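Data first, discussion second: the structure below is written as structure tokens.
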Amino acid sequence: MAIPLPRPLHTQSAEELAAAARDRRWPKWQTMALLHSLGLPTLNAALLRPGQSPAQIRTTAHTFATALGTDRLMIRSDGGVEKKAYYRGGNTFPIGEIAHRAQPLLADGRAVILAGPTNRFTNKLTVMIRMDRPGPGIRGTFTLEALGPGYDVADLTRGALPPQVTAQLDDVDWDRYTAPRWNEWKFTGDRCPGGEDPRRRRRLERLAAQTLADGGQLTGDPQPEHAEAWLRERGYLQLFGPQDPRPALMRRASKLFEDAFVLTRAQSNRNWRCLATAFSVFAEPRTVYWDLVDGERKYAETAPAAALAKKEVA
């Protein structure tokens with residue numbers, strides 16, 4: 001039986017979204033469906049499942065791109081068995097490249113998420129959001145870790161770059177929403193050894209070795225200086241400008257807490273201990289929530305769930 005062509009996330013009914021949010025085979029798609037069903041901003045996307053033919057991939061990509069009014073789409077991989085060197089998605093490619101990039105992932109038993117294009121070089125704000133508690137009915141904490149212009153979610157989740165500013169609420173009652181008072185927030189400044197230069201260097205290393213190499217913008221043995229030159233030549237100067245995300249984070253902190261509380265109430269796992277998600281403010285400006293990770297379900301009890309969940313969000 002032929003697998004039907006995927007339908008974009010933003011065209012699905014409440015019943016379809018609920019079914020997708022219960023399907024744990026594709027955890028990224030599952031949480032995108034949940035986030036969208038809750039009215040939180042997400043990228044519009046379509047899910048390609050293993051077994052779909054090259055013709056179906058091409059048709060889906062062209063139809064979806066036409067609906068979005070674009071000639072480029074983002075590729076993310078989802079589900080299946082994650083090997084040590086599994087594909088690290090999130091890059092945007094021309095429509096003509098989608099099929100040959102998606103086919104090996106599908107052949108490896110992974111799904112492929114095609115999403116609306118983004119420019120990961122011009123983000124204004126990136127925030128890791130973490131909800132922790134020792135157990136049901138026990139008060140916990142809420143933590144925000146932020147990076148400013150020119151960084152992206154993968155810098156916090158995969159690159160392990162230290163945040164430029166951290167905000168935290170202690171003694172959070174996750175069973176009853178209470179709007180936090182301003183004096184309850186604890187803001188911590190940059191703790192990166194050496195300041196901004198080492199962090200920027202690590203960002204450029206990641207861009208050279210992963211993002212730009214994967215996209216074919218840099219070849220051979222790309223170095224951080226090559227990534228910097230590539231950014232500057234295209235006018236992507238955000239990374240090299242002022243880096244103080246604290247005011248932007250302060251403006252959004254209470255709303256992010258409100259959204260996080262909505263997410264905790266929507267969890268089917270009422271025994272959750274650690275939930276993590278990520279939030280981006282694009283240059284347009286436009287905001288997007290990414291994946292939601294439940295550390296209690298994904299990892300063994302002996303694992304440091306908060307740290308591991310944080311690494312897996314994007």
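Convention: chains lettered A, B, ... in structure tokens order; per-chain residue numbering from 1; ligands numbered from 1 as shown.
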
Contacts between segment 138-142 of chain A and segment 178-266 of chain A, please, where a residue of segment 178-266 of chain A counts if it comes within 10 Å (with only C-alpha atoms); show its shortest atom pair and distance in Å to one decimal, rows by chain and ascending number, as a tab-separated table.
residue	atom	partner	partner_atom	distance
A:Trp185	CA	A:Phe142	CA	9.7
A:Leu256	CA	A:Phe142	CA	9.9
A:Phe257	CA	A:Phe142	CA	7.5
A:Ala260	CA	A:Phe142	CA	8.7
A:Phe261	CA	A:Phe142	CA	9.7

Helix (DSSP H, G or I) per DSSP on the backbone: members of segment 19-259 of chain A, as a PyMOL selection string = chain A and resi 19-22+27-37+54-68+95-107+153-157+182-184+196-215+224-233+238-240+246-259

Looking at only C-alpha atoms, which of A:Ile113, A:Leu73, A:Leu105, A:Val172 is the one that sits closest to Met131 of chain A?
->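 Nearest candidate to Met131 of chain A out of A:Ile113, A:Leu73, A:Leu105, A:Val172: A:Val172.
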
List every residue of segment 102-131 of chain A that DSSP, applied to the backbone of this structure, assigns to strand (DSSP E or B), and report them as a VMD selection string.
-> chain A and resid 111 to 115 125 to 131

Could you jot down the atom CA of Leu169 of chain A to atom CA of Pro193 of chain A separation for me, Å, one decimal place?
-> 24.8 Å

Find the residues near Asp152 of chain A: any atom within 7 Å, counting only C-alpha atoms, skip ones fewer than 2 places away on the same chain, and give them as a ChimeraX atom specification.
-> /A:120,123,126,150,154-155

So what do you get for atom CA of Thr118 of chain A versus atom CA of Pro247 of chain A, distance-wise?
->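 Computed distance, atom CA of Thr118 of chain A to atom CA of Pro247 of chain A, equals 23.8 Å.
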
Which residue out of A:Val281, A:Leu207, A:Ala102, A:Leu249 has the minimum interatomic distance to Ala229 of chain A when only C-alpha atoms are used?
->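 Nearest to Ala229 of chain A: A:Leu207.
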
May I have the residues within 8 Å of segment 22-34 of chain A as a ChimeraX atom specification, using only C-alpha atoms and disregarding those fewer than 2 positions away in the same chain?
-> /A:9,17-20,36-38,42,47,78-80,111,113,290-292

Which residue of A:Glu233, A:Glu145, A:Glu16, A:Glu225 approaches Asp190 of chain A most closely, using only C-alpha atoms | A:Glu145

Contacts of Leu144 of chain A at 9 Å or less, counting only C-alpha atoms, minus same-chain residues fewer than 2 places along, as a list in words?
-> Val127, Met128, Ile129, Arg130, Phe142, Ala146, Val165, Thr166, Ala167, Gln168, Leu249, Ala253 and Leu256 of chain A

Dump N, CA and C atoms for the selected residues as a PDB file, in the first residue's frame?
ATOM      1  N   VAL A 127      17.087  30.810  23.249  1.00  0.00           N
ATOM      2  CA  VAL A 127      16.864  30.512  24.663  1.00  0.00           C
ATOM      3  C   VAL A 127      16.628  29.021  24.857  1.00  0.00           C
ATOM      4  N   MET A 128      17.379  28.409  25.760  1.00  0.00           N
ATOM      5  CA  MET A 128      17.090  27.065  26.245  1.00  0.00           C
ATOM      6  C   MET A 128      16.192  27.201  27.461  1.00  0.00           C
ATOM      7  N   ILE A 129      15.121  26.403  27.502  1.00  0.00           N
ATOM      8  CA  ILE A 129      14.117  26.483  28.554  1.00  0.00           C
ATOM      9  C   ILE A 129      14.061  25.133  29.262  1.00  0.00           C
ATOM     10  N   ARG A 130      14.214  25.139  30.569  1.00  0.00           N
ATOM     11  CA  ARG A 130      14.233  23.882  31.306  1.00  0.00           C
ATOM     12  C   ARG A 130      13.301  23.957  32.510  1.00  0.00           C
ATOM     13  N   PHE A 142      12.695  26.657  37.338  1.00  0.00           N
ATOM     14  CA  PHE A 142      12.520  27.028  35.935  1.00  0.00           C
ATOM     15  C   PHE A 142      13.754  27.816  35.530  1.00  0.00           C
ATOM     16  N   ALA A 146      20.383  31.895  27.714  1.00  0.00           N
ATOM     17  CA  ALA A 146      20.219  32.658  26.473  1.00  0.00           C
ATOM     18  C   ALA A 146      21.540  33.034  25.830  1.00  0.00           C
ATOM     19  N   VAL A 165      23.638  34.813  29.402  1.00  0.00           N
ATOM     20  CA  VAL A 165      22.855  35.206  30.575  1.00  0.00           C
ATOM     21  C   VAL A 165      21.932  34.045  30.938  1.00  0.00           C
ATOM     22  N   THR A 166      21.736  33.848  32.244  1.00  0.00           N
ATOM     23  CA  THR A 166      20.842  32.817  32.761  1.00  0.00           C
ATOM     24  C   THR A 166      19.820  33.459  33.680  1.00  0.00           C
ATOM     25  N   ALA A 167      18.571  33.021  33.565  1.00  0.00           N
ATOM     26  CA  ALA A 167      17.503  33.474  34.463  1.00  0.00           C
ATOM     27  C   ALA A 167      16.882  32.259  35.122  1.00  0.00           C
ATOM     28  N   GLN A 168      16.573  32.358  36.403  1.00  0.00           N
ATOM     29  CA  GLN A 168      16.025  31.201  37.107  1.00  0.00           C
ATOM     30  C   GLN A 168      14.970  31.617  38.116  1.00  0.00           C
ATOM     31  N   LEU A 249      15.938  39.019  27.033  1.00  0.00           N
ATOM     32  CA  LEU A 249      15.474  37.900  27.848  1.00  0.00           C
ATOM     33  C   LEU A 249      14.548  38.388  28.956  1.00  0.00           C
ATOM     34  N   ALA A 253      10.849  36.845  29.669  1.00  0.00           N
ATOM     35  CA  ALA A 253      10.960  35.796  30.683  1.00  0.00           C
ATOM     36  C   ALA A 253       9.606  35.348  31.220  1.00  0.00           C
ATOM     37  N   LEU A 256       7.657  33.333  28.647  1.00  0.00           N
ATOM     38  CA  LEU A 256       8.246  32.008  28.474  1.00  0.00           C
ATOM     39  C   LEU A 256       7.863  31.086  29.630  1.00  0.00           C
TER      40      LEU A 256
END

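Shortest separation to Arg252 of chain A among A:Gln238, A:Thr264, A:Thr188, A:Thr287 occurs at residue A:Thr287, atoms counted being only C-alpha atoms.
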
Nearest-residue call for Gly159 of chain A, choices A:Pro6, A:Val293, A:Arg201, A:Asp173, using only C-alpha atoms = A:Arg201

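Excluding Leu263 of chain A and any residue on its chain fewer than 4 positions from it, the residues at most 8 Å away by only C-alpha atoms are Leu35, Asp259 and Gln267 of chain A.
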
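For the pair atom CA of Gly235 of chain A and atom CA of Ala283 of chain A, the interatomic distance is 13.2 Å.
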
Please provide as a list in words all residues within 7 Å of Leu114 of chain A, with the sequence filter that same-chain residues fewer than 2 positions apart are discarded (counting only C-alpha atoms).
->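 Here the answer would be Ala45, Ala46, Leu47, Leu73, Met74, Ile75, Arg76 and Val112 of chain A.
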
Take the residues that were just selected and, keeping C-alpha atoms, output them as a short mmCIF file (atom, residue, chain, number, x, y, z; two decimals), in the first residue's frame.
data_model
loop_
_atom_site.label_atom_id
_atom_site.label_comp_id
_atom_site.auth_asym_id
_atom_site.auth_seq_id
_atom_site.Cartn_x
_atom_site.Cartn_y
_atom_site.Cartn_z
CA ALA A 45 6.51 21.40 8.39
CA ALA A 46 5.76 18.12 6.63
CA LEU A 47 6.85 14.63 7.70
CA LEU A 73 13.28 24.16 2.72
CA MET A 74 14.92 23.08 5.96
CA ILE A 75 15.78 19.40 6.50
CA ARG A 76 15.66 17.73 9.89
CA VAL A 112 12.64 13.48 7.53
#

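Using only C-alpha atoms, the nearest neighbour of His10 of chain A within the list A:Gln56, A:Asn44, A:Thr211, A:Ser268 is A:Asn44.
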
Wanna dump the segment 19-137 of chain A-segment 175-184 of chain A contacts at 12 Å for me, each residue with its shortest atom pair and the distance in Å to one decimal, counting only C-alpha atoms, ordered by chain and number, as CSV?
residue,atom,partner,partner_atom,distance
A:Arg133,CA,A:Asp175,CA,10.9
A:Gly135,CA,A:Asp175,CA,11.2
A:Pro136,CA,A:Asp175,CA,8.4
A:Gly137,CA,A:Asp175,CA,6.8
